[in-house]
file target01.cif (mmCIF, C-alpha atoms and all ligand atoms)
data_run
#
loop_
_atom_site.label_atom_id
_atom_site.label_comp_id
_atom_site.auth_asym_id
_atom_site.auth_seq_id
_atom_site.Cartn_x
_atom_site.Cartn_y
_atom_site.Cartn_z
CA MET L 32 -16.93 -1.81 -16.75
CA GLU L 33 -14.16 0.37 -18.01
CA HIS L 34 -11.80 -1.05 -20.58
CA ALA L 35 -8.32 -1.54 -19.22
CA ASP L 36 -5.58 0.65 -20.55
CA PRO L 37 -2.50 -0.95 -22.14
CA ALA L 38 -0.29 -0.47 -19.09
CA GLU L 39 -2.68 -2.68 -17.16
CA VAL L 40 -3.33 -5.38 -19.71
CA GLU L 41 0.10 -6.87 -19.23
CA ARG L 42 -0.69 -7.89 -15.67
CA PRO L 43 -2.24 -11.32 -15.35
CA ASP L 44 -5.74 -11.29 -13.89
CA ALA L 45 -4.76 -13.39 -10.91
CA ASP L 46 -2.82 -10.39 -9.64
CA ASP L 47 -6.05 -8.47 -9.19
CA LEU L 48 -7.02 -10.90 -6.49
CA ALA L 49 -3.77 -10.44 -4.63
CA LEU L 50 -4.02 -8.68 -1.32
CA ASP L 51 -1.13 -7.87 0.98
CA GLY L 52 -0.11 -8.78 4.49
CA ASN L 53 -2.59 -6.27 5.95
CA ALA L 54 -5.33 -8.70 4.93
CA ALA L 55 -3.68 -11.43 7.00
CA ALA L 56 -3.21 -9.21 10.03
CA GLY L 57 -6.03 -10.70 12.09
CA GLU L 58 -4.71 -14.22 11.74
CA LEU L 59 -1.04 -13.29 12.12
CA GLU L 60 -1.65 -11.07 15.16
CA SER L 61 -3.40 -13.95 16.88
CA LEU L 62 -0.11 -15.88 16.54
CA PHE L 63 2.61 -13.23 16.75
CA GLY L 64 0.95 -10.36 18.60
CA PRO L 65 0.11 -6.81 17.57
CA GLY L 66 3.44 -6.32 15.80
CA ALA L 67 2.83 -9.14 13.34
CA THR L 68 2.46 -7.08 10.17
CA VAL L 69 5.24 -4.60 10.96
CA SER L 70 7.57 -7.55 11.61
CA LEU L 71 10.37 -7.85 9.09
CA ALA L 72 10.57 -11.12 7.16
CA THR L 73 13.69 -12.19 5.27
CA CYS L 74 12.90 -14.22 2.16
CA ALA L 75 14.62 -17.60 2.13
CA HIS L 76 14.78 -17.55 -1.68
CA CYS L 77 16.12 -14.09 -2.54
CA GLY L 78 17.16 -12.60 0.81
CA THR L 79 14.92 -9.53 0.60
CA GLU L 80 13.83 -8.22 3.97
CA GLN L 81 10.32 -6.76 3.94
CA ALA L 82 7.54 -5.83 6.33
CA VAL L 83 5.07 -8.70 6.59
CA ALA L 84 2.37 -6.19 5.53
CA ARG L 85 4.07 -6.04 2.12
CA LEU L 86 3.95 -9.76 1.38
CA GLY L 87 1.59 -10.62 -1.47
CA THR L 88 -1.33 -12.41 0.13
CA TRP L 89 -3.92 -14.86 -1.19
CA SER L 90 -6.60 -15.41 1.39
CA ARG L 91 -9.35 -17.32 -0.36
CA GLY L 92 -9.24 -21.07 -0.34
CA PRO L 93 -8.52 -23.16 2.70
CA GLY L 94 -5.81 -20.93 4.14
CA LEU L 95 -3.46 -18.04 3.65
CA VAL L 96 -0.48 -17.93 1.31
CA LEU L 97 1.96 -15.03 1.64
CA ARG L 98 4.60 -14.44 -1.04
CA CYS L 99 7.79 -12.39 -1.16
CA CYS L 100 7.10 -8.99 -2.77
CA ALA L 101 10.43 -9.13 -4.60
CA CYS L 102 10.63 -12.67 -6.05
CA GLY L 103 7.06 -13.92 -5.66
CA ARG L 104 8.02 -17.21 -4.02
CA VAL L 105 6.04 -18.52 -1.05
CA ALA L 106 7.17 -17.08 2.28
CA ILE L 107 4.47 -18.13 4.74
CA ARG L 108 1.62 -20.61 4.49
CA LEU L 109 -1.06 -20.90 7.12
CA VAL L 110 -3.96 -23.35 7.20
CA ARG L 111 -6.51 -23.54 9.98
CA ALA L 112 -8.12 -26.96 10.26
CA PRO L 113 -10.81 -27.79 12.84
CA THR L 114 -8.39 -29.01 15.48
CA VAL L 115 -4.96 -27.82 14.35
CA LEU L 116 -3.23 -24.82 12.85
CA HIS L 117 -0.57 -25.53 10.22
CA LEU L 118 2.07 -22.83 9.93
CA ASP L 119 4.73 -23.30 7.24
CA LEU L 120 7.58 -20.81 7.53
CA ASN L 121 9.90 -22.56 5.09
CA GLY L 122 10.20 -19.51 2.87
CA VAL L 123 11.43 -17.20 5.64
CA THR L 124 14.89 -17.39 7.15
CA ARG L 125 14.24 -14.79 9.80
CA LEU L 126 11.28 -12.95 11.28
CA ARG L 127 12.03 -9.88 13.38
CA ILE L 128 8.98 -9.28 15.53
CA PRO L 129 8.74 -6.07 17.56
CA SER L 130 8.10 -7.02 21.16
CA GLY L 131 6.33 -3.80 22.11
CA GLY L 132 6.34 -2.42 25.62
CA ARG L 133 9.43 -1.96 27.64
CA MET H 566 15.08 -2.22 4.39
CA THR H 567 17.52 -2.70 7.21
CA ASP H 568 15.89 -0.65 9.94
CA ALA H 569 14.63 -2.26 13.11
CA PRO H 570 10.98 -3.15 13.34
CA SER H 571 9.01 -0.16 14.58
CA PRO H 572 7.74 -0.44 18.13
CA VAL H 573 4.08 -1.19 18.72
CA ALA H 574 1.91 -0.44 21.69
CA ARG H 575 1.43 -3.31 24.06
CA ARG H 576 -2.05 -4.72 23.88
CA GLY H 577 -3.51 -8.11 24.60
CA PRO H 578 -4.66 -10.57 21.98
CA VAL H 579 -7.65 -9.28 20.06
CA PRO H 580 -10.52 -11.72 20.63
CA TRP H 581 -13.62 -12.31 18.55
CA GLN H 582 -16.55 -10.59 20.18
CA VAL H 583 -20.06 -9.44 19.45
CA ALA H 584 -20.88 -5.91 18.30
CA THR H 585 -24.30 -4.28 18.03
CA VAL H 586 -25.19 -2.37 14.89
CA THR H 587 -26.53 0.94 16.21
CA ALA H 588 -26.86 3.09 13.10
CA ILE H 589 -26.92 2.72 9.32
CA ARG H 590 -26.23 5.66 7.02
CA PRO H 591 -26.16 5.65 3.21
CA GLU H 592 -23.11 7.44 1.79
CA THR H 593 -23.61 6.89 -1.97
CA PRO H 594 -26.01 4.70 -3.99
CA THR H 595 -23.71 1.71 -3.40
CA VAL H 596 -21.88 2.57 -0.19
CA THR H 597 -23.27 2.55 3.34
CA SER H 598 -21.76 3.31 6.74
CA PHE H 599 -22.55 1.15 9.75
CA THR H 600 -21.96 2.20 13.34
CA LEU H 601 -21.02 -0.74 15.55
CA ARG H 602 -20.72 -0.91 19.33
CA PRO H 603 -18.38 -3.75 20.27
CA ALA H 604 -19.04 -5.29 23.68
CA GLU H 605 -15.46 -4.38 24.56
CA TRP H 606 -14.26 -1.31 22.64
CA ARG H 607 -10.51 -0.87 22.22
CA PRO H 608 -8.90 2.37 21.10
CA HIS H 609 -7.58 2.19 17.55
CA VAL H 610 -5.09 4.03 15.40
CA ALA H 611 -6.39 5.57 12.17
CA GLY H 612 -5.88 3.15 9.28
CA GLN H 613 -6.53 -0.02 11.29
CA HIS H 614 -9.36 -2.40 10.45
CA TYR H 615 -11.73 -4.91 11.97
CA ASP H 616 -12.33 -8.44 10.80
CA VAL H 617 -15.99 -9.37 10.45
CA ARG H 618 -17.16 -12.98 10.57
CA LEU H 619 -20.55 -14.26 9.46
CA THR H 620 -21.66 -17.77 10.37
CA ALA H 621 -24.47 -19.53 8.52
CA GLU H 622 -26.82 -21.96 10.25
CA ASP H 623 -24.91 -24.89 8.77
CA GLY H 624 -21.68 -23.59 10.30
CA TYR H 625 -20.22 -22.13 7.09
CA GLN H 626 -18.21 -19.01 7.87
CA ALA H 627 -17.17 -16.01 5.77
CA GLU H 628 -14.58 -13.61 7.10
CA ARG H 629 -13.67 -10.18 5.64
CA SER H 630 -11.72 -7.12 6.72
CA TYR H 631 -13.24 -3.62 6.91
CA SER H 632 -11.31 -0.48 7.69
CA ILE H 633 -12.36 1.68 10.59
CA ALA H 634 -13.74 4.93 9.16
CA SER H 635 -14.17 6.79 12.43
CA ALA H 636 -11.50 8.63 14.41
CA PRO H 637 -10.23 7.01 17.62
CA GLU H 638 -11.76 9.95 19.50
CA GLU H 639 -15.21 8.43 18.97
CA ALA H 640 -14.84 6.17 21.98
CA GLY H 641 -17.11 3.15 22.43
CA GLN H 642 -18.04 2.71 18.80
CA ILE H 643 -16.62 2.35 15.32
CA ASP H 644 -17.91 3.17 11.87
CA LEU H 645 -17.39 0.78 8.96
CA THR H 646 -18.08 2.02 5.44
CA ILE H 647 -18.93 -0.83 3.13
CA GLU H 648 -19.29 -0.82 -0.64
CA LEU H 649 -21.84 -3.21 -2.09
CA VAL H 650 -19.94 -5.60 -4.35
CA PRO H 651 -22.07 -7.40 -6.98
CA ASP H 652 -22.66 -10.95 -5.72
CA GLY H 653 -20.49 -10.15 -2.73
CA GLU H 654 -21.20 -12.47 0.16
CA VAL H 655 -20.41 -10.25 3.13
CA SER H 656 -21.00 -6.78 1.67
CA ALA H 657 -24.45 -7.84 0.40
CA TYR H 658 -25.31 -9.20 3.83
CA PHE H 659 -24.54 -5.81 5.36
CA HIS H 660 -26.44 -3.90 2.68
CA GLU H 661 -29.46 -6.13 2.31
CA VAL H 662 -29.94 -7.97 5.58
CA ILE H 663 -28.55 -6.06 8.55
CA VAL H 664 -30.80 -3.65 10.45
CA PRO H 665 -30.09 -1.56 13.56
CA GLY H 666 -30.01 -3.75 16.67
CA ASP H 667 -28.48 -6.73 14.88
CA LEU H 668 -25.38 -8.40 16.27
CA VAL H 669 -22.27 -9.22 14.25
CA GLU H 670 -19.09 -11.00 15.21
CA VAL H 671 -15.96 -8.86 14.95
CA ARG H 672 -12.36 -8.67 16.07
CA GLY H 673 -10.22 -5.59 16.14
CA PRO H 674 -8.62 -3.18 15.95
CA ILE H 675 -6.13 -5.00 13.74
CA GLY H 676 -3.05 -3.98 11.76
CA GLY H 677 -0.09 -1.76 12.60
CA TYR H 678 1.51 -1.08 9.24
CA PHE H 679 -1.15 0.94 7.45
CA SER H 680 -1.74 3.27 10.37
CA TRP H 681 -1.11 6.93 11.06
CA ARG H 682 -0.93 9.00 14.22
CA PRO H 683 -1.55 12.74 13.89
CA GLY H 684 1.61 14.78 13.42
CA GLU H 685 2.89 17.71 11.44
CA ARG H 686 4.95 15.86 8.81
CA PRO H 687 3.73 16.34 5.21
CA LEU H 688 1.09 13.73 4.47
CA LEU H 689 -0.08 12.37 1.12
CA LEU H 690 -3.12 10.12 0.96
CA ALA H 691 -4.11 8.48 -2.32
CA GLY H 692 -6.96 6.10 -2.86
CA GLY H 693 -9.69 4.80 -5.10
CA GLY H 694 -13.21 3.61 -4.39
CA SER H 695 -13.68 2.29 -0.86
CA GLY H 696 -9.91 2.65 -0.40
CA VAL H 697 -10.71 6.13 0.86
CA VAL H 698 -12.16 4.65 4.08
CA PRO H 699 -8.95 4.26 6.14
CA LEU H 700 -7.68 7.53 4.63
CA MET H 701 -10.82 9.23 5.95
CA ALA H 702 -10.09 7.85 9.41
CA MET H 703 -6.68 9.54 9.16
CA LEU H 704 -8.24 12.84 8.09
CA ARG H 705 -10.83 12.62 10.88
CA ALA H 706 -8.07 11.89 13.38
CA ARG H 707 -6.06 14.78 11.97
CA ALA H 708 -8.98 17.18 12.36
CA ALA H 709 -9.77 15.91 15.86
CA ALA H 710 -6.13 16.45 16.89
CA GLY H 711 -6.05 19.93 15.37
CA ALA H 712 -2.98 19.02 13.29
CA ARG H 713 -1.99 21.70 10.79
CA GLY H 714 0.81 20.12 8.78
CA PRO H 715 0.42 20.01 5.00
CA ALA H 716 -1.84 17.13 3.95
CA ARG H 717 -3.24 16.21 0.55
CA LEU H 718 -5.76 13.62 -0.57
CA LEU H 719 -5.92 12.34 -4.15
CA TYR H 720 -9.13 10.39 -4.55
CA SER H 721 -10.18 8.52 -7.68
CA ALA H 722 -13.81 7.62 -8.34
CA ARG H 723 -15.67 6.78 -11.51
CA GLU H 724 -18.60 9.17 -11.18
CA PRO H 725 -19.64 12.13 -9.04
CA ASP H 726 -22.25 9.98 -7.25
CA GLU H 727 -19.58 7.53 -6.16
CA VAL H 728 -17.51 9.98 -4.14
CA ILE H 729 -17.79 8.83 -0.53
CA TYR H 730 -17.69 11.46 2.29
CA HIS H 731 -18.04 14.22 -0.27
CA GLY H 732 -19.54 16.80 2.10
CA GLU H 733 -17.16 16.14 4.95
CA LEU H 734 -14.11 16.26 2.67
CA ALA H 735 -15.31 19.60 1.33
CA ARG H 736 -15.65 20.90 4.89
CA PHE H 737 -12.17 19.69 5.82
CA ALA H 738 -10.74 21.42 2.75
CA ALA H 739 -12.65 24.63 3.54
CA ALA H 740 -11.11 24.73 7.03
CA ARG H 741 -7.80 25.84 5.45
CA ASP H 742 -5.78 24.03 8.09
CA GLY H 743 -3.22 22.73 5.63
CA PHE H 744 -5.45 20.06 4.07
CA GLU H 745 -6.32 20.00 0.37
CA ALA H 746 -8.45 17.49 -1.54
CA PHE H 747 -7.95 16.53 -5.19
CA PHE H 748 -10.49 14.44 -7.04
CA THR H 749 -10.32 12.59 -10.30
CA LEU H 750 -13.55 11.34 -11.88
CA THR H 751 -12.58 8.74 -14.43
CA ARG H 752 -15.85 7.95 -16.21
CA ARG H 753 -18.28 10.84 -15.88
CA GLN H 754 -17.83 14.39 -14.68
CA PRO H 755 -20.49 16.91 -13.72
CA PRO H 756 -20.90 20.05 -15.86
CA GLY H 757 -18.27 22.62 -15.03
CA TRP H 758 -15.97 20.05 -13.38
CA THR H 759 -12.54 21.51 -12.70
CA GLY H 760 -10.89 18.47 -11.11
CA TYR H 761 -9.03 15.70 -12.89
CA ALA H 762 -10.93 13.51 -15.35
CA ARG H 763 -8.67 10.51 -15.98
CA ARG H 764 -7.14 7.58 -14.22
CA ILE H 765 -4.35 8.46 -11.84
CA ASP H 766 -1.08 8.77 -13.75
CA ARG H 767 2.43 10.00 -13.08
CA GLU H 768 1.79 13.55 -14.16
CA MET H 769 -1.13 13.80 -11.74
CA LEU H 770 0.90 12.23 -8.95
CA ALA H 771 3.77 14.63 -9.56
CA GLU H 772 1.40 17.63 -9.45
CA VAL H 773 -0.22 16.54 -6.23
CA ALA H 774 2.90 15.24 -4.46
CA ARG H 775 5.49 17.87 -5.36
CA PRO H 776 4.35 20.69 -3.05
CA LEU H 777 4.73 18.26 -0.13
CA GLY H 778 8.48 18.13 -0.62
CA THR H 779 10.73 15.13 -0.99
CA GLU H 780 9.81 13.13 2.13
CA PRO H 781 6.06 13.05 2.70
CA ASP H 782 4.46 10.18 4.59
CA VAL H 783 2.36 8.41 1.97
CA TYR H 784 -0.60 6.07 2.35
CA VAL H 785 -2.11 4.40 -0.72
CA CYS H 786 -5.25 2.27 -0.52
CA GLY H 787 -7.85 0.80 -2.85
CA PRO H 788 -8.26 -1.86 -5.50
CA THR H 789 -5.05 -3.86 -5.92
CA ARG H 790 -4.37 -2.61 -9.43
CA LEU H 791 -4.81 1.04 -8.50
CA VAL H 792 -2.53 0.66 -5.48
CA GLU H 793 0.22 -0.74 -7.66
CA VAL H 794 -0.09 1.92 -10.34
CA VAL H 795 -0.05 4.68 -7.73
CA ALA H 796 2.81 3.25 -5.64
CA ASP H 797 4.97 2.64 -8.74
CA GLY H 798 4.06 6.07 -10.08
CA LEU H 799 5.02 7.83 -6.88
CA VAL H 800 8.42 6.13 -6.87
CA ALA H 801 8.85 7.15 -10.52
CA VAL H 802 8.21 10.80 -9.66
CA GLY H 803 10.74 10.71 -6.86
CA VAL H 804 8.93 9.79 -3.65
CA PRO H 805 11.18 7.43 -1.64
CA ALA H 806 9.72 3.89 -1.66
CA ALA H 807 10.40 3.56 2.05
CA ARG H 808 7.94 6.38 2.79
CA ILE H 809 5.05 4.71 0.92
CA ARG H 810 2.67 2.44 2.81
CA THR H 811 0.09 0.48 0.84
CA GLU H 812 -3.03 -1.54 1.56
CA ARG H 813 -4.76 -3.60 -1.14
CA PHE H 814 -8.50 -4.25 -1.02
CA GLY H 815 -8.58 -6.82 -3.85
CA PRO H 816 -10.28 -6.76 -7.24
CA THR H 817 -13.35 -4.77 -6.30
CA GLY H 818 -14.57 -1.25 -6.91
CA THR H 819 -12.15 0.43 -9.35
C1 LIG B 901 -7.36 -4.73 5.04
C2 LIG B 901 -8.64 -4.61 4.23
C3 LIG B 901 -9.54 -3.58 4.52
C4 LIG B 901 -10.73 -3.45 3.77
N1 LIG B 901 -11.58 -2.41 4.06
C5 LIG B 901 -12.72 -2.26 3.32
C6 LIG B 901 -13.60 -1.15 3.59
O1 LIG B 901 -13.36 -0.31 4.46
N2 LIG B 901 -14.73 -1.06 2.84
C7 LIG B 901 -15.05 -1.96 1.85
O2 LIG B 901 -16.10 -1.84 1.21
N3 LIG B 901 -14.22 -3.02 1.59
C8 LIG B 901 -13.07 -3.19 2.30
N4 LIG B 901 -12.24 -4.27 2.04
C9 LIG B 901 -12.69 -5.31 1.07
C10 LIG B 901 -13.55 -6.32 1.83
O3 LIG B 901 -12.75 -7.01 2.77
C11 LIG B 901 -14.18 -7.39 0.91
O4 LIG B 901 -13.19 -7.94 0.10
C12 LIG B 901 -15.30 -6.83 0.05
O5 LIG B 901 -16.32 -6.26 0.86
C13 LIG B 901 -15.90 -7.95 -0.83
O6 LIG B 901 -16.37 -8.95 0.02
P1 LIG B 901 -17.72 -9.72 -0.33
O7 LIG B 901 -17.84 -10.87 0.61
O8 LIG B 901 -18.86 -8.77 -0.38
O9 LIG B 901 -17.50 -10.19 -1.79
P2 LIG B 901 -17.00 -11.64 -2.25
O10 LIG B 901 -18.09 -12.63 -2.03
O11 LIG B 901 -15.70 -11.90 -1.63
O12 LIG B 901 -16.83 -11.40 -3.79
C14 LIG B 901 -16.26 -10.18 -4.30
C15 LIG B 901 -16.31 -10.10 -5.80
O13 LIG B 901 -14.98 -10.25 -6.28
C16 LIG B 901 -14.80 -11.50 -6.81
N5 LIG B 901 -13.68 -12.15 -6.06
C17 LIG B 901 -13.09 -11.71 -4.96
N6 LIG B 901 -12.11 -12.52 -4.58
C18 LIG B 901 -12.10 -13.50 -5.44
C19 LIG B 901 -11.30 -14.67 -5.61
N7 LIG B 901 -10.30 -14.98 -4.78
N8 LIG B 901 -11.57 -15.47 -6.64
C20 LIG B 901 -12.57 -15.16 -7.50
N9 LIG B 901 -13.32 -14.09 -7.41
C21 LIG B 901 -13.10 -13.27 -6.40
C22 LIG B 901 -16.09 -12.25 -6.68
O14 LIG B 901 -16.41 -12.95 -7.85
C23 LIG B 901 -17.12 -11.16 -6.46
O15 LIG B 901 -17.62 -10.65 -7.66
C24 LIG B 901 -11.04 -4.39 2.74
C25 LIG B 901 -10.12 -5.41 2.47
C26 LIG B 901 -8.94 -5.52 3.18
C27 LIG B 901 -7.99 -6.63 2.86
ZN ZN B 902 12.11 -13.34 -2.29
#

call {"tool": "encode", "arguments": {"input": "target01.cif", "output": "structure tokens"}}
result
Amino acid sequence: MEHADPAEVERPDADDLALDGNAAAGELESLFGPGATVSLATCAHCGTEQAVARLGTWSRGPGLVLRCCACGRVAIRLVRAPTVLHLDLNGVTRLRIPSGGR
Amino acid sequence: MTDAPSPVARRGPVPWQVATVTAIRPETPTVTSFTLRPAEWRPHVAGQHYDVRLTAEDGYQAERSYSIASAPEEAGQIDLTIELVPDGEVSAYFHEVIVPGDLVEVRGPIGGYFSWRPGERPLLLAGGGSGVVPLMAMLRARAAAGARGPARLLYSAREPDEVIYHGELARFAAARDGFEAFFTLTRRQPPGWTGYARRIDREMLAEVARPLGTEPDVYVCGPTRLVEVVADGLVAVGVPAARIRTERFGPTGT
């Protein structure tokens, strides 16, 4: 192990585990199609519009939690149970999904 | 960002399917490449990944993402390059259990954000550890397409032994087709080492990025912490944030 340099020490360890929306691509594409991670999500809390690939993503545990990259609040929550998929989009006011072919 | 979502190619839903492991190739003491033949191969774009799912006899499942290392031109198969993570569930299964002929469950190609199609625009790739894998797919695609635009790779590893694709990167650089490779070895350097010998910092980023002008396409991949330091650093040295695409692999393999 290397010792961390001071610039890094200030970040809480939990941040090391954070992924981004690319890690949720498989699950999100199964719902929204191949454009899922290049879709633009508008945060319901701070109004920032960002590519879904840029949302902070926590994928361990029972489901996926995706957070706004600007304010850190929850944007999308997804839990797959044996017979039902729970999708909570409370933290997103708008999702612009490219529809692909013309 | 206010631009419209970028268009994506039309393709059907990507189903789980079975792939056969056809070849296994060590890259470094802790990194191995696996060639997989999916029952139904789909063309990919460099930078995309596959999801891999392992199911235990009791039904417990573990799912992980692995970047495609091979260029799309290698039709019918994909290469995954997997670093052995201490106590890692899925990476250890690949390294210690899988043999040629085995079947694994996969779905892909997946992802449209961290992807690159060959072109002539200036290209900057920066990565650490196994984060070089999707960047290598881009360089392989670039070579296969005969692209000659300026392209630079900045690759951080701890030790000389840990540099993945060392020989192939040296060959790409020797081709003098506009591609240059820059290495930083953060913990141990071989005698006579002339590359960088410290963690990626702003000065290094400025040196590597500047000759590519003000608007390179940038792809940054690796351990979460490294990705953030590099992306922030590039913005600090003047690269427009909108040109930088990132992919975080998590805590592993600094
Ligand atoms: C889009 C994408 C592409 C990727 N491509 C590649 C690739 O090309 N090559 C490659 O080698 N890897 C790649 N990865 C990383 C890969 O998906 C796995 O994360 C990695 O192989 C480790 O998985 P594992 O099952 O072996 O280890 P795990 O069993 O997941 O454990 C990993 C280690 O980190 C710790 N850890 C990880 N997450 C947590 C957590 N939430 N809480 C506590 N501890 C944790 C564990 O303690 C353990 O020591 C990619 C990741 C993403 C998101
Ligand atoms: Zn927000």

call {"tool": "atom_distance", "arguments": {"input": "target01.cif", "atom1": "atom CA of H:Ile633", "atom2": "atom CA of H:Val650"}}
result
18.3 Å

call {"tool": "residues_around", "arguments": {"input": "target01.cif", "residues": "stretch 691-696 of chain H", "least_positions_apart": "5", "cutoff": "7 Å", "atoms": "all atoms listed in the file", "output": "list of chain:residue names"}}
result
H:Glu648, H:Leu718, H:Leu719, H:Tyr720, H:Ser721, H:Ala722, H:Tyr784, H:Val785, H:Cys786, H:Gly787, H:Pro788, H:Gly818, H:Thr819

call {"tool": "residues_near_ligand", "arguments": {"input": "target01.cif", "ligand": "ligand ZN 902 (chain B)", "cutoff": "9 Å", "atoms": "only C-alpha atoms and all ligand atoms", "output": "MDAnalysis selection string"}}
result
chainID L and resid 73:80 98:106 122:123

call {"tool": "residues_around", "arguments": {"input": "target01.cif", "residues": "L:Ala82", "least_positions_apart": "3", "cutoff": "6 Å", "atoms": "all atoms listed in the file", "output": "list in words"}}
result
Val69, Ser70, Leu71 and Arg85 of chain L

call {"tool": "residues_near_ligand", "arguments": {"input": "target01.cif", "ligand": "ligand LIG 901 (chain B)", "cutoff": "7 Å", "atoms": "all atoms listed in the file", "output": "count of residues only"}}
result
34

call {"tool": "atom_distance", "arguments": {"input": "target01.cif", "atom1": "atom CA of H:Glu772", "atom2": "atom CA of H:Arg717"}}
result
11.1 Å

call {"tool": "atom_distance", "arguments": {"input": "target01.cif", "atom1": "atom CA of H:Asp742", "atom2": "atom CA of H:Arg808"}}
result
23.0 Å

call {"tool": "interface_residues", "arguments": {"input": "target01.cif", "of": "chain L", "to": "chain H", "cutoff": "8 Å", "atoms": "only C-alpha atoms", "output": "PyMOL selection string"}}
result
chain L and resi 33+39+46-51+53-54+56-57+60-61+64-71+80-81+84-85+127-132

call {"tool": "closest_residue", "arguments": {"input": "target01.cif", "among": "L:Ala112, L:Leu86, L:Leu62, L:Ile107", "to": "L:Thr124", "atoms": "only C-alpha atoms"}}
result
L:Ile107

call {"tool": "closest_residue", "arguments": {"input": "target01.cif", "among": "H:Ile643, H:Arg607, H:Glu670, H:Leu619", "to": "H:Trp581", "atoms": "all atoms listed in the file"}}
result
H:Glu670

call {"tool": "residues_near_point", "arguments": {"input": "target01.cif", "point": "(-27.5, 4.0, -2.5)", "cutoff": "10 Å", "atoms": "all atoms listed in the file", "output": "list in words"}}
result
Arg590, Pro591, Glu592, Thr593, Pro594, Thr595, Val596, Thr597, Glu648, Leu649, His660, Asp726 and Glu727 of chain H

call {"tool": "residues_around", "arguments": {"input": "target01.cif", "residues": "H:Arg602", "least_positions_apart": "4", "cutoff": "6 Å", "atoms": "only C-alpha atoms", "output": "number ranges by chain"}}
result
H: 584-585, 642

call {"tool": "write_last_selection", "arguments": {"input": "target01.cif", "atoms": "C-alpha atoms", "output": "mmCIF file, in the frame of the given file"}}
result
data_model
loop_
_atom_site.group_PDB
_atom_site.id
_atom_site.type_symbol
_atom_site.label_atom_id
_atom_site.label_comp_id
_atom_site.auth_asym_id
_atom_site.auth_seq_id
_atom_site.Cartn_x
_atom_site.Cartn_y
_atom_site.Cartn_z
ATOM 1 C CA ALA H 584 -20.880 -5.910 18.300
ATOM 2 C CA THR H 585 -24.300 -4.280 18.030
ATOM 3 C CA GLN H 642 -18.040 2.710 18.800
#

call {"tool": "closest_residue", "arguments": {"input": "target01.cif", "among": "H:Val783, H:Glu622, H:Thr749, H:Phe599", "to": "H:Ala806", "atoms": "all atoms listed in the file"}}
result
H:Val783

call {"tool": "residues_around", "arguments": {"input": "target01.cif", "residues": "H:Ala636", "least_positions_apart": "4", "cutoff": "6 Å", "atoms": "all atoms listed in the file", "output": "PyMOL selection string"}}
result
chain H and resi 702+705-706

call {"tool": "axis_aligned_box", "arguments": {"input": "target01.cif", "around": "stretch 791-795 of chain H", "padding_each_side": "4 Å", "output": "JSON"}}
result
{"center_x": -2.3, "center_y": 2.0, "center_z": -7.9, "size_x": 13.0, "size_y": 13.4, "size_z": 12.9}
